[in-house]
$ cat upload.cif   # mmCIF, C-alpha atoms, pLDDT in the B column; chains and numbers go by the auth columns
data_my_file
#
loop_
_atom_site.group_PDB
_atom_site.id
_atom_site.type_symbol
_atom_site.label_atom_id
_atom_site.label_comp_id
_atom_site.label_asym_id
_atom_site.label_seq_id
_atom_site.Cartn_x
_atom_site.Cartn_y
_atom_site.Cartn_z
_atom_site.B_iso_or_equiv
_atom_site.auth_seq_id
_atom_site.auth_asym_id
ATOM 1 C CA MET A 1 -38.885 13.533 30.759 32.00 1 H
ATOM 2 C CA ARG A 2 -38.763 13.198 34.542 33.00 2 H
ATOM 3 C CA THR A 3 -34.969 13.496 34.478 30.00 3 H
ATOM 4 C CA THR A 4 -35.142 16.615 32.301 27.00 4 H
ATOM 5 C CA ARG A 5 -37.651 18.262 34.620 32.00 5 H
ATOM 6 C CA GLN A 6 -35.584 17.421 37.671 33.00 6 H
ATOM 7 C CA HIS A 7 -32.473 18.839 35.999 29.00 7 H
ATOM 8 C CA THR A 8 -34.365 22.038 35.193 30.00 8 H
ATOM 9 C CA ARG A 9 -35.571 22.370 38.795 35.00 9 H
ATOM 10 C CA ASN A 10 -32.032 21.806 40.086 34.00 10 H
ATOM 11 C CA ALA A 11 -30.621 24.394 37.696 35.00 11 H
ATOM 12 C CA ARG A 12 -33.220 26.912 38.829 38.00 12 H
ATOM 13 C CA SER A 13 -32.582 26.264 42.503 36.00 13 H
ATOM 14 C CA GLN A 14 -28.834 26.720 42.006 38.00 14 H
ATOM 15 C CA SER A 15 -29.403 30.062 40.254 47.00 15 H
ATOM 16 C CA VAL A 16 -31.726 31.515 42.898 60.00 16 H
ATOM 17 C CA GLY A 17 -30.087 34.530 44.512 67.00 17 H
ATOM 18 C CA ALA A 18 -26.939 34.020 42.473 85.00 18 H
ATOM 19 C CA ARG A 19 -26.221 37.698 41.801 96.00 19 H
ATOM 20 C CA ASP A 20 -27.206 41.271 42.585 98.00 20 H
ATOM 21 C CA ALA A 21 -29.154 43.830 40.600 98.00 21 H
ATOM 22 C CA VAL A 22 -28.554 47.577 40.562 98.00 22 H
ATOM 23 C CA LEU A 23 -31.332 49.969 39.578 98.00 23 H
ATOM 24 C CA ALA A 24 -30.957 53.685 38.898 98.00 24 H
ATOM 25 C CA GLY A 25 -34.147 55.711 38.673 96.00 25 H
ATOM 26 C CA ALA A 26 -36.158 53.446 40.963 95.00 26 H
ATOM 27 C CA THR A 27 -38.836 56.049 41.742 93.00 27 H
ATOM 28 C CA GLY A 28 -39.465 57.195 38.159 93.00 28 H
ATOM 29 C CA LEU A 29 -42.230 56.003 35.858 94.00 29 H
ATOM 30 C CA VAL A 30 -40.426 52.952 34.456 96.00 30 H
ATOM 31 C CA GLY A 31 -38.179 52.388 37.471 96.00 31 H
ATOM 32 C CA SER A 32 -41.109 52.150 39.881 95.00 32 H
ATOM 33 C CA GLN A 33 -42.585 49.421 37.656 97.00 33 H
ATOM 34 C CA LEU A 34 -39.265 47.595 37.386 98.00 34 H
ATOM 35 C CA LEU A 35 -38.430 47.695 41.095 98.00 35 H
ATOM 36 C CA PRO A 36 -41.014 45.094 42.236 97.00 36 H
ATOM 37 C CA LEU A 37 -40.137 42.867 39.276 98.00 37 H
ATOM 38 C CA LEU A 38 -36.502 42.812 40.360 98.00 38 H
ATOM 39 C CA ALA A 39 -37.402 42.351 44.024 98.00 39 H
ATOM 40 C CA ASN A 40 -39.432 39.267 43.102 97.00 40 H
ATOM 41 C CA ALA A 41 -36.998 37.887 40.525 97.00 41 H
ATOM 42 C CA PRO A 42 -35.497 34.642 41.893 96.00 42 H
ATOM 43 C CA GLU A 43 -32.103 35.244 40.296 97.00 43 H
ATOM 44 C CA TYR A 44 -31.335 38.269 42.459 98.00 44 H
ATOM 45 C CA ALA A 45 -30.039 37.957 46.003 97.00 45 H
ATOM 46 C CA ARG A 46 -30.208 41.720 46.518 98.00 46 H
ATOM 47 C CA VAL A 47 -31.508 44.715 44.592 98.00 47 H
ATOM 48 C CA PHE A 48 -29.570 47.934 45.138 98.00 48 H
ATOM 49 C CA ALA A 49 -31.781 50.913 44.327 98.00 49 H
ATOM 50 C CA LEU A 50 -30.058 54.241 43.772 97.00 50 H
ATOM 51 C CA THR A 51 -32.529 56.838 44.970 92.00 51 H
ATOM 52 C CA ARG A 52 -32.994 60.286 46.496 89.00 52 H
ATOM 53 C CA ARG A 53 -36.531 59.566 47.660 89.00 53 H
ATOM 54 C CA ALA A 54 -38.242 56.852 49.668 91.00 54 H
ATOM 55 C CA LEU A 55 -38.754 53.691 47.670 93.00 55 H
ATOM 56 C CA PRO A 56 -42.369 52.943 46.703 90.00 56 H
ATOM 57 C CA ILE A 57 -42.200 49.388 48.048 94.00 57 H
ATOM 58 C CA ALA A 58 -40.443 47.469 50.813 93.00 58 H
ATOM 59 C CA ALA A 59 -38.855 44.033 50.486 96.00 59 H
ATOM 60 C CA ALA A 60 -36.266 42.088 52.443 95.00 60 H
ATOM 61 C CA ASN A 61 -33.835 42.032 49.520 97.00 61 H
ATOM 62 C CA LEU A 62 -34.134 45.738 48.639 97.00 62 H
ATOM 63 C CA VAL A 63 -31.201 47.962 49.563 97.00 63 H
ATOM 64 C CA ALA A 64 -31.702 51.714 49.165 96.00 64 H
ATOM 65 C CA VAL A 65 -28.448 53.564 48.539 96.00 65 H
ATOM 66 C CA PRO A 66 -27.712 57.269 47.952 94.00 66 H
ATOM 67 C CA ALA A 67 -28.040 58.303 44.321 96.00 67 H
ATOM 68 C CA ASP A 68 -24.677 60.055 44.270 96.00 68 H
ATOM 69 C CA PHE A 69 -23.336 59.515 40.774 97.00 69 H
ATOM 70 C CA ASP A 70 -20.079 61.233 41.652 96.00 70 H
ATOM 71 C CA ALA A 71 -19.396 58.585 44.299 97.00 71 H
ATOM 72 C CA LEU A 72 -20.862 55.328 42.997 97.00 72 H
ATOM 73 C CA THR A 73 -17.929 53.275 44.254 96.00 73 H
ATOM 74 C CA ALA A 74 -18.834 54.246 47.810 96.00 74 H
ATOM 75 C CA SER A 75 -22.607 54.023 47.353 95.00 75 H
ATOM 76 C CA LEU A 76 -22.420 50.585 45.758 97.00 76 H
ATOM 77 C CA GLN A 77 -19.486 49.177 47.698 96.00 77 H
ATOM 78 C CA ASP A 78 -21.578 46.222 48.897 96.00 78 H
ATOM 79 C CA ALA A 79 -22.875 45.249 45.448 97.00 79 H
ATOM 80 C CA GLY A 80 -21.191 42.151 44.158 94.00 80 H
ATOM 81 C CA PRO A 81 -19.358 41.834 40.825 96.00 81 H
ATOM 82 C CA GLY A 82 -21.253 40.436 37.871 97.00 82 H
ATOM 83 C CA ALA A 83 -24.474 42.291 38.711 98.00 83 H
ATOM 84 C CA ASP A 84 -27.232 43.167 36.264 98.00 84 H
ATOM 85 C CA VAL A 85 -27.420 46.960 36.053 98.00 85 H
ATOM 86 C CA TYR A 86 -30.589 48.765 34.992 98.00 86 H
ATOM 87 C CA SER A 87 -30.761 52.468 34.144 98.00 87 H
ATOM 88 C CA CYS A 88 -34.175 54.126 34.140 98.00 88 H
ATOM 89 C CA LEU A 89 -32.743 57.607 34.586 97.00 89 H
ATOM 90 C CA GLY A 90 -34.467 60.393 32.745 94.00 90 H
ATOM 91 C CA THR A 91 -35.826 63.890 33.167 91.00 91 H
ATOM 92 C CA THR A 92 -36.994 66.792 31.015 88.00 92 H
ATOM 93 C CA ILE A 93 -35.426 70.177 30.342 91.00 93 H
ATOM 94 C CA ARG A 94 -38.419 71.772 32.077 88.00 94 H
ATOM 95 C CA ALA A 95 -38.001 69.650 35.211 90.00 95 H
ATOM 96 C CA ALA A 96 -34.210 69.920 35.228 92.00 96 H
ATOM 97 C CA GLY A 97 -34.260 73.689 34.725 94.00 97 H
ATOM 98 C CA SER A 98 -31.804 73.955 31.851 96.00 98 H
ATOM 99 C CA GLU A 99 -30.260 72.015 28.986 96.00 99 H
ATOM 100 C CA ALA A 100 -27.054 71.628 31.002 97.00 100 H
ATOM 101 C CA ALA A 101 -28.928 70.185 33.985 97.00 101 H
ATOM 102 C CA PHE A 102 -30.867 67.844 31.697 97.00 102 H
ATOM 103 C CA ARG A 103 -27.645 66.605 30.120 97.00 103 H
ATOM 104 C CA ARG A 104 -26.118 65.983 33.537 97.00 104 H
ATOM 105 C CA VAL A 105 -28.923 63.558 34.405 97.00 105 H
ATOM 106 C CA ASP A 106 -29.599 61.881 31.071 98.00 106 H
ATOM 107 C CA HIS A 107 -25.987 61.699 29.933 98.00 107 H
ATOM 108 C CA ASP A 108 -23.443 62.214 32.688 98.00 108 H
ATOM 109 C CA PHE A 109 -25.195 60.194 35.403 98.00 109 H
ATOM 110 C CA VAL A 110 -25.928 57.331 33.016 98.00 110 H
ATOM 111 C CA LEU A 111 -22.332 57.271 31.795 98.00 111 H
ATOM 112 C CA ALA A 112 -21.039 57.253 35.374 98.00 112 H
ATOM 113 C CA LEU A 113 -23.224 54.220 36.054 98.00 113 H
ATOM 114 C CA ALA A 114 -21.919 52.509 32.896 98.00 114 H
ATOM 115 C CA HIS A 115 -18.323 53.159 33.983 98.00 115 H
ATOM 116 C CA TRP A 116 -19.051 51.644 37.399 98.00 116 H
ATOM 117 C CA ALA A 117 -20.739 48.667 35.756 98.00 117 H
ATOM 118 C CA LYS A 118 -17.723 48.006 33.559 98.00 118 H
ATOM 119 C CA ALA A 119 -15.302 48.317 36.464 98.00 119 H
ATOM 120 C CA ARG A 120 -17.387 45.800 38.428 97.00 120 H
ATOM 121 C CA SER A 121 -17.662 43.370 35.499 98.00 121 H
ATOM 122 C CA ALA A 122 -21.426 43.742 35.232 98.00 122 H
ATOM 123 C CA ARG A 123 -23.165 40.867 33.489 98.00 123 H
ATOM 124 C CA ARG A 124 -25.768 43.080 31.797 98.00 124 H
ATOM 125 C CA PHE A 125 -26.339 46.816 31.381 98.00 125 H
ATOM 126 C CA VAL A 126 -29.928 47.612 30.387 98.00 126 H
ATOM 127 C CA LEU A 127 -30.702 51.214 29.485 98.00 127 H
ATOM 128 C CA VAL A 128 -33.974 52.999 28.754 98.00 128 H
ATOM 129 C CA SER A 129 -33.367 55.575 26.026 98.00 129 H
ATOM 130 C CA ALA A 130 -36.028 56.992 23.700 97.00 130 H
ATOM 131 C CA LEU A 131 -37.507 56.634 20.250 96.00 131 H
ATOM 132 C CA GLY A 132 -35.681 58.991 17.897 96.00 132 H
ATOM 133 C CA ALA A 133 -32.377 58.935 19.765 98.00 133 H
ATOM 134 C CA ASP A 134 -29.702 60.127 17.352 98.00 134 H
ATOM 135 C CA PRO A 135 -26.308 61.685 18.200 98.00 135 H
ATOM 136 C CA ASP A 136 -26.556 63.776 15.026 98.00 136 H
ATOM 137 C CA SER A 137 -30.099 65.016 15.621 98.00 137 H
ATOM 138 C CA ARG A 138 -30.844 68.742 15.567 97.00 138 H
ATOM 139 C CA VAL A 139 -33.295 68.173 18.416 96.00 139 H
ATOM 140 C CA PHE A 140 -31.400 68.558 21.693 97.00 140 H
ATOM 141 C CA TYR A 141 -33.333 65.841 23.553 95.00 141 H
ATOM 142 C CA ASN A 142 -32.845 63.257 20.809 97.00 142 H
ATOM 143 C CA ARG A 143 -29.190 64.232 20.382 98.00 143 H
ATOM 144 C CA VAL A 144 -28.379 63.740 24.069 98.00 144 H
ATOM 145 C CA LYS A 145 -30.163 60.371 24.057 98.00 145 H
ATOM 146 C CA GLY A 146 -28.180 59.321 20.994 98.00 146 H
ATOM 147 C CA GLU A 147 -24.919 60.501 22.496 98.00 147 H
ATOM 148 C CA ILE A 148 -25.408 58.512 25.686 98.00 148 H
ATOM 149 C CA GLU A 149 -26.331 55.398 23.714 98.00 149 H
ATOM 150 C CA ARG A 150 -23.079 55.716 21.776 98.00 150 H
ATOM 151 C CA ALA A 151 -21.036 56.428 24.908 98.00 151 H
ATOM 152 C CA VAL A 152 -22.460 53.486 26.853 98.00 152 H
ATOM 153 C CA ARG A 153 -21.755 51.091 24.000 98.00 153 H
ATOM 154 C CA ALA A 154 -18.178 52.359 23.733 98.00 154 H
ATOM 155 C CA GLN A 155 -17.350 52.734 27.420 98.00 155 H
ATOM 156 C CA GLY A 156 -19.732 50.434 29.288 98.00 156 H
ATOM 157 C CA PRO A 157 -19.622 46.696 29.980 98.00 157 H
ATOM 158 C CA ALA A 158 -19.560 44.085 27.245 97.00 158 H
ATOM 159 C CA SER A 159 -23.300 43.330 27.274 98.00 159 H
ATOM 160 C CA VAL A 160 -25.458 46.418 26.686 98.00 160 H
ATOM 161 C CA THR A 161 -29.166 46.414 25.840 98.00 161 H
ATOM 162 C CA ILE A 162 -30.812 49.687 24.852 98.00 162 H
ATOM 163 C CA LEU A 163 -34.569 50.181 24.791 98.00 163 H
ATOM 164 C CA GLN A 164 -36.069 52.959 22.663 98.00 164 H
ATOM 165 C CA PRO A 165 -39.681 53.361 23.808 97.00 165 H
ATOM 166 C CA SER A 166 -42.142 55.768 22.271 93.00 166 H
ATOM 167 C CA LEU A 167 -44.199 58.042 24.522 90.00 167 H
ATOM 168 C CA LEU A 168 -44.497 56.381 27.932 92.00 168 H
ATOM 169 C CA ASP A 169 -48.003 55.674 29.153 86.00 169 H
ATOM 170 C CA GLY A 170 -48.447 55.640 32.914 59.00 170 H
ATOM 171 C CA GLU A 171 -49.095 57.746 35.977 65.00 171 H
ATOM 172 C CA ARG A 172 -46.096 59.876 36.898 49.00 172 H
ATOM 173 C CA ALA A 173 -45.426 61.266 40.345 55.00 173 H
ATOM 174 C CA GLN A 174 -44.302 64.508 38.707 58.00 174 H
ATOM 175 C CA SER A 175 -46.526 66.353 36.243 51.00 175 H
ATOM 176 C CA ARG A 176 -45.435 66.557 32.621 53.00 176 H
ATOM 177 C CA PRO A 177 -48.133 68.628 30.872 58.00 177 H
ATOM 178 C CA GLY A 178 -46.830 67.968 27.370 53.00 178 H
ATOM 179 C CA GLU A 179 -46.867 64.199 27.835 52.00 179 H
ATOM 180 C CA GLN A 180 -50.278 64.274 29.495 56.00 180 H
ATOM 181 C CA LEU A 181 -51.748 66.212 26.577 52.00 181 H
ATOM 182 C CA ALA A 182 -50.176 63.831 24.050 50.00 182 H
ATOM 183 C CA LEU A 183 -51.562 60.825 25.910 46.00 183 H
ATOM 184 C CA ARG A 184 -55.071 62.296 26.070 53.00 184 H
ATOM 185 C CA ILE A 185 -54.961 62.765 22.299 52.00 185 H
ATOM 186 C CA THR A 186 -53.424 59.419 21.384 55.00 186 H
ATOM 187 C CA ARG A 187 -55.182 57.010 23.796 55.00 187 H
ATOM 188 C CA PRO A 188 -58.521 57.065 21.902 60.00 188 H
ATOM 189 C CA LEU A 189 -56.615 56.531 18.633 50.00 189 H
ATOM 190 C CA ARG A 190 -54.331 53.815 19.974 61.00 190 H
ATOM 191 C CA GLY A 191 -55.503 51.144 17.540 62.00 191 H
ATOM 192 C CA LEU A 192 -54.913 53.408 14.566 55.00 192 H
ATOM 193 C CA ILE A 193 -51.348 54.348 15.471 63.00 193 H
ATOM 194 C CA PRO A 194 -48.592 52.055 14.116 69.00 194 H
ATOM 195 C CA ARG A 195 -46.963 49.968 16.873 67.00 195 H
ATOM 196 C CA ALA A 196 -43.625 51.672 16.248 75.00 196 H
ATOM 197 C CA TRP A 197 -44.990 55.066 17.410 61.00 197 H
ATOM 198 C CA ARG A 198 -47.868 54.014 19.646 85.00 198 H
ATOM 199 C CA PRO A 199 -47.509 55.045 23.324 90.00 199 H
ATOM 200 C CA VAL A 200 -46.107 52.129 25.305 92.00 200 H
ATOM 201 C CA ALA A 201 -47.115 51.231 28.856 93.00 201 H
ATOM 202 C CA ALA A 202 -44.385 51.775 31.444 95.00 202 H
ATOM 203 C CA ARG A 203 -45.045 48.286 32.833 96.00 203 H
ATOM 204 C CA ASP A 204 -44.263 46.819 29.394 97.00 204 H
ATOM 205 C CA VAL A 205 -40.977 48.706 29.212 98.00 205 H
ATOM 206 C CA ALA A 206 -40.025 47.457 32.674 98.00 206 H
ATOM 207 C CA ALA A 207 -40.914 43.870 31.787 98.00 207 H
ATOM 208 C CA ALA A 208 -38.956 44.126 28.535 98.00 208 H
ATOM 209 C CA MET A 209 -35.902 45.191 30.542 98.00 209 H
ATOM 210 C CA LEU A 210 -36.018 42.134 32.794 98.00 210 H
ATOM 211 C CA LEU A 211 -36.692 39.821 29.867 98.00 211 H
ATOM 212 C CA ALA A 212 -33.689 41.300 28.053 98.00 212 H
ATOM 213 C CA ALA A 213 -31.424 40.711 31.043 98.00 213 H
ATOM 214 C CA ARG A 214 -32.575 37.092 31.200 97.00 214 H
ATOM 215 C CA ALA A 215 -32.022 36.443 27.489 97.00 215 H
ATOM 216 C CA ASP A 216 -28.884 34.679 26.323 96.00 216 H
ATOM 217 C CA PRO A 217 -27.538 36.321 24.335 96.00 217 H
ATOM 218 C CA ALA A 218 -29.128 39.587 25.391 97.00 218 H
ATOM 219 C CA PRO A 219 -30.562 41.755 22.593 98.00 219 H
ATOM 220 C CA THR A 220 -28.552 44.863 21.807 98.00 220 H
ATOM 221 C CA LEU A 221 -31.530 47.034 20.854 98.00 221 H
ATOM 222 C CA ILE A 222 -35.254 46.776 21.584 98.00 222 H
ATOM 223 C CA ALA A 223 -37.558 48.955 19.504 97.00 223 H
ATOM 224 C CA SER A 224 -40.765 50.381 20.922 96.00 224 H
ATOM 225 C CA ALA A 225 -42.980 48.089 18.837 95.00 225 H
ATOM 226 C CA ALA A 226 -41.363 45.025 20.442 97.00 226 H
ATOM 227 C CA MET A 227 -42.189 46.164 23.980 97.00 227 H
ATOM 228 C CA HIS A 228 -45.987 46.047 23.709 95.00 228 H
ATOM 229 C CA GLY A 229 -47.324 43.120 25.714 95.00 229 H
ATOM 230 C CA ALA A 230 -44.017 42.385 27.470 97.00 230 H
ATOM 231 C CA ALA A 231 -45.654 42.488 30.913 97.00 231 H
ATOM 232 C CA GLU A 232 -48.074 39.740 29.888 96.00 232 H
ATOM 233 C CA ILE A 233 -45.246 37.659 28.431 96.00 233 H
ATOM 234 C CA LEU A 234 -43.260 37.998 31.637 97.00 234 H
ATOM 235 C CA ALA A 235 -46.267 37.086 33.776 95.00 235 H
ATOM 236 C CA LYS A 236 -46.946 33.962 31.739 90.00 236 H
ATOM 237 C CA GLY A 237 -43.321 32.926 31.979 82.00 237 H
ATOM 238 C CA THR A 238 -43.293 33.160 35.761 68.00 238 H
ATOM 239 C CA ALA A 239 -46.744 31.717 36.419 54.00 239 H
#
$ encode --input "upload.cif" --output "structure tokens"
Amino acid sequence: MRTTRQHTRNARSQSVGARDAVLAGATGLVGSQLLPLLANAPEYARVFALTRRALPIAAANLVAVPADFDALTASLQDAGPGADVYSCLGTTIRAAGSEAAFRRVDHDFVLALAHWAKARSARRFVLVSALGADPDSRVFYNRVKGEIERAVRAQGPASVTILQPSLLDGERAQSRPGEQLALRITRPLRGLIPRAWRPVAARDVAAAMLLAARADPAPTLIASAAMHGAAEILAKGTA
């Protein structure tokens, strides 16, 4: 038993700081929850955060880089090969201003990141999508989400994990009246709503992303129901 424990400790020490992480959408609802998890994860030497705004936290291993998805090779020139890449990119048509602008963020930017990840032999690509994503959907939002899922699987790195959360529960920096109304209605009824459709805490989505990247093999798809309680699971595993 002593030998096994010592071997485990040695394996952990050898893996500390072994690779980089790249995070897109670091100041969004899920990304801001994931950022400190990555900064404190022992397996990452550096965390490159693609951002247009100041990061919500500071850490010695955090590297803020311009979120220029037309020039990722330049922005991420210092990121090593074999990184774990996390995409928390997402907006709304209202915030973006048009369907075309929404598609540019939720599809084109994500695909550009997937192309970079493949070119740099990324170890994992973990993407937050949405419940109901379907490339054949008549709903524009769901169709774009489904199209980017399909594109990332076809054109991204070998290991892709896609998360499909239901309505995200958390405090956003930017107001989304529709989501806020839905949350006010559903929070009192949380226990009555099936897990598959129940609003999911942003911290649970973030924790599920890190857990997926650590899994071997990594899951290909994580449904919303499976994300509930992920933050607690992660905390117990690192205690």
$ resolve_selection --input "upload.cif" --expression "the PyMOL selection byres ((chain H and resi 133-150) around 8)" --output "PyMOL selection string"
chain H and resi 103+106-107+110-111+129-132+151-154+162+164
$ resolve_selection --input "upload.cif" --expression "the PyMOL selection byres ((chain H and resi 25) around 12)" --output "PyMOL selection string"
chain H and resi 22-24+26-35+48-56+64-69+85-91+105-106+109-110+113+127-128+206
$ resolve_selection --input "upload.cif" --expression "the PyMOL selection byres ((chain H and resi 47) around 10)" --output "ChimeraX atom specification"
/H:19-23,35-36,38-41,44-46,48-50,59-64,79,83-85
$ closest_residue --input "upload.cif" --among "H:Val160, H:Asp70, H:Ala231, H:Ala226" --to "Asp108 in chain H" --atoms "all atoms listed in the file"
H:Asp70
$ atom_distance --input "upload.cif" --atom1 "CA of Ala225 in chain H" --atom2 "CA of Leu210 in chain H"
16.7 Å
$ atom_distance --input "upload.cif" --atom1 "CA of Ala101 in chain H" --atom2 "CA of Ala71 in chain H"
18.2 Å
$ atom_distance --input "upload.cif" --atom1 "CA of Ala215 in chain H" --atom2 "CA of Ser159 in chain H"
11.1 Å
$ closest_residue --input "upload.cif" --among "H:Ala58, H:Arg94, H:Arg124, H:Trp116" --to "Pro217 in chain H" --atoms "only C-alpha atoms"
H:Arg124
$ residues_around --input "upload.cif" --residues "Leu168 in chain H" --least-positions-apart "2" --cutoff "7 Å" --atoms "all atoms listed in the file" --output "ChimeraX atom specification"
/H:166,170,199-202
$ axis_aligned_box --input "upload.cif" --around "range 113-120 of chain H" --padding-each-side "6 Å" --output "JSON"
{"center_x": -19.3, "center_y": 50.0, "center_z": 35.7, "size_x": 19.9, "size_y": 20.4, "size_z": 17.5}
$ closest_residue --input "upload.cif" --among "H:Ala96, H:Ala207, H:Ala119, H:Ala112" --to "Leu163 in chain H" --atoms "all atoms listed in the file"
H:Ala207
$ residues_around --input "upload.cif" --residues "Gly229 in chain H" --least-positions-apart "3" --cutoff "7 Å" --atoms "all atoms listed in the file" --output "PyMOL selection string"
chain H and resi 204+232-233
$ write_last_selection --input "upload.cif" --atoms "C-alpha atoms" --output "short mmCIF file (atom, residue, chain, number, x, y, z; two decimals), in the coordinates of the input"
data_model
loop_
_atom_site.label_atom_id
_atom_site.label_comp_id
_atom_site.auth_asym_id
_atom_site.auth_seq_id
_atom_site.Cartn_x
_atom_site.Cartn_y
_atom_site.Cartn_z
CA ASP H 204 -44.26 46.82 29.39
CA GLU H 232 -48.07 39.74 29.89
CA ILE H 233 -45.25 37.66 28.43
#
$ closest_residue --input "upload.cif" --among "H:Ser98, H:Thr161, H:Thr92, H:Gln155" --to "Ala213 in chain H" --atoms "only C-alpha atoms"
H:Thr161
$ build_atoms --input "upload.cif" --residues "range 93-109 of chain H" --atoms "N, CA and C atoms" --output "mmCIF file, in the coordinates of the input"
data_model
loop_
_atom_site.group_PDB
_atom_site.id
_atom_site.type_symbol
_atom_site.label_atom_id
_atom_site.label_comp_id
_atom_site.auth_asym_id
_atom_site.auth_seq_id
_atom_site.Cartn_x
_atom_site.Cartn_y
_atom_site.Cartn_z
ATOM 1 N N ILE H 93 -36.087 68.878 30.198
ATOM 2 C CA ILE H 93 -35.426 70.177 30.342
ATOM 3 C C ILE H 93 -36.231 71.054 31.299
ATOM 4 N N ARG H 94 -37.548 70.974 31.201
ATOM 5 C CA ARG H 94 -38.419 71.772 32.077
ATOM 6 C C ARG H 94 -38.206 71.400 33.534
ATOM 7 N N ALA H 95 -38.177 70.094 33.832
ATOM 8 C CA ALA H 95 -38.001 69.650 35.211
ATOM 9 C C ALA H 95 -36.581 69.914 35.711
ATOM 10 N N ALA H 96 -35.602 69.732 34.825
ATOM 11 C CA ALA H 96 -34.210 69.920 35.228
ATOM 12 C C ALA H 96 -33.866 71.397 35.400
ATOM 13 N N GLY H 97 -34.492 72.253 34.602
ATOM 14 C CA GLY H 97 -34.260 73.689 34.725
ATOM 15 C C GLY H 97 -33.404 74.293 33.645
ATOM 16 N N SER H 98 -32.652 73.466 32.932
ATOM 17 C CA SER H 98 -31.804 73.955 31.851
ATOM 18 C C SER H 98 -31.321 72.781 31.011
ATOM 19 N N GLU H 99 -30.812 73.076 29.831
ATOM 20 C CA GLU H 99 -30.260 72.015 28.986
ATOM 21 C C GLU H 99 -29.054 71.361 29.659
ATOM 22 N N ALA H 100 -28.236 72.167 30.329
ATOM 23 C CA ALA H 100 -27.054 71.628 31.002
ATOM 24 C C ALA H 100 -27.446 70.674 32.127
ATOM 25 N N ALA H 101 -28.479 71.047 32.888
ATOM 26 C CA ALA H 101 -28.928 70.185 33.985
ATOM 27 C C ALA H 101 -29.555 68.909 33.443
ATOM 28 N N PHE H 102 -30.294 69.032 32.337
ATOM 29 C CA PHE H 102 -30.867 67.844 31.697
ATOM 30 C C PHE H 102 -29.758 66.893 31.249
ATOM 31 N N ARG H 103 -28.737 67.432 30.619
ATOM 32 C CA ARG H 103 -27.645 66.605 30.120
ATOM 33 C C ARG H 103 -26.915 65.904 31.265
ATOM 34 N N ARG H 104 -26.805 66.593 32.390
ATOM 35 C CA ARG H 104 -26.118 65.983 33.537
ATOM 36 C C ARG H 104 -26.835 64.715 33.992
ATOM 37 N N VAL H 105 -28.163 64.731 33.986
ATOM 38 C CA VAL H 105 -28.923 63.558 34.405
ATOM 39 C C VAL H 105 -28.935 62.492 33.326
ATOM 40 N N ASP H 106 -29.355 62.866 32.127
ATOM 41 C CA ASP H 106 -29.599 61.881 31.071
ATOM 42 C C ASP H 106 -28.335 61.416 30.371
ATOM 43 N N HIS H 107 -27.247 62.121 30.542
ATOM 44 C CA HIS H 107 -25.987 61.699 29.933
ATOM 45 C C HIS H 107 -24.932 61.387 30.990
ATOM 46 N N ASP H 108 -24.576 62.386 31.781
ATOM 47 C CA ASP H 108 -23.443 62.214 32.688
ATOM 48 C C ASP H 108 -23.697 61.167 33.765
ATOM 49 N N PHE H 109 -24.887 61.184 34.371
ATOM 50 C CA PHE H 109 -25.195 60.194 35.403
ATOM 51 C C PHE H 109 -25.234 58.780 34.825
#
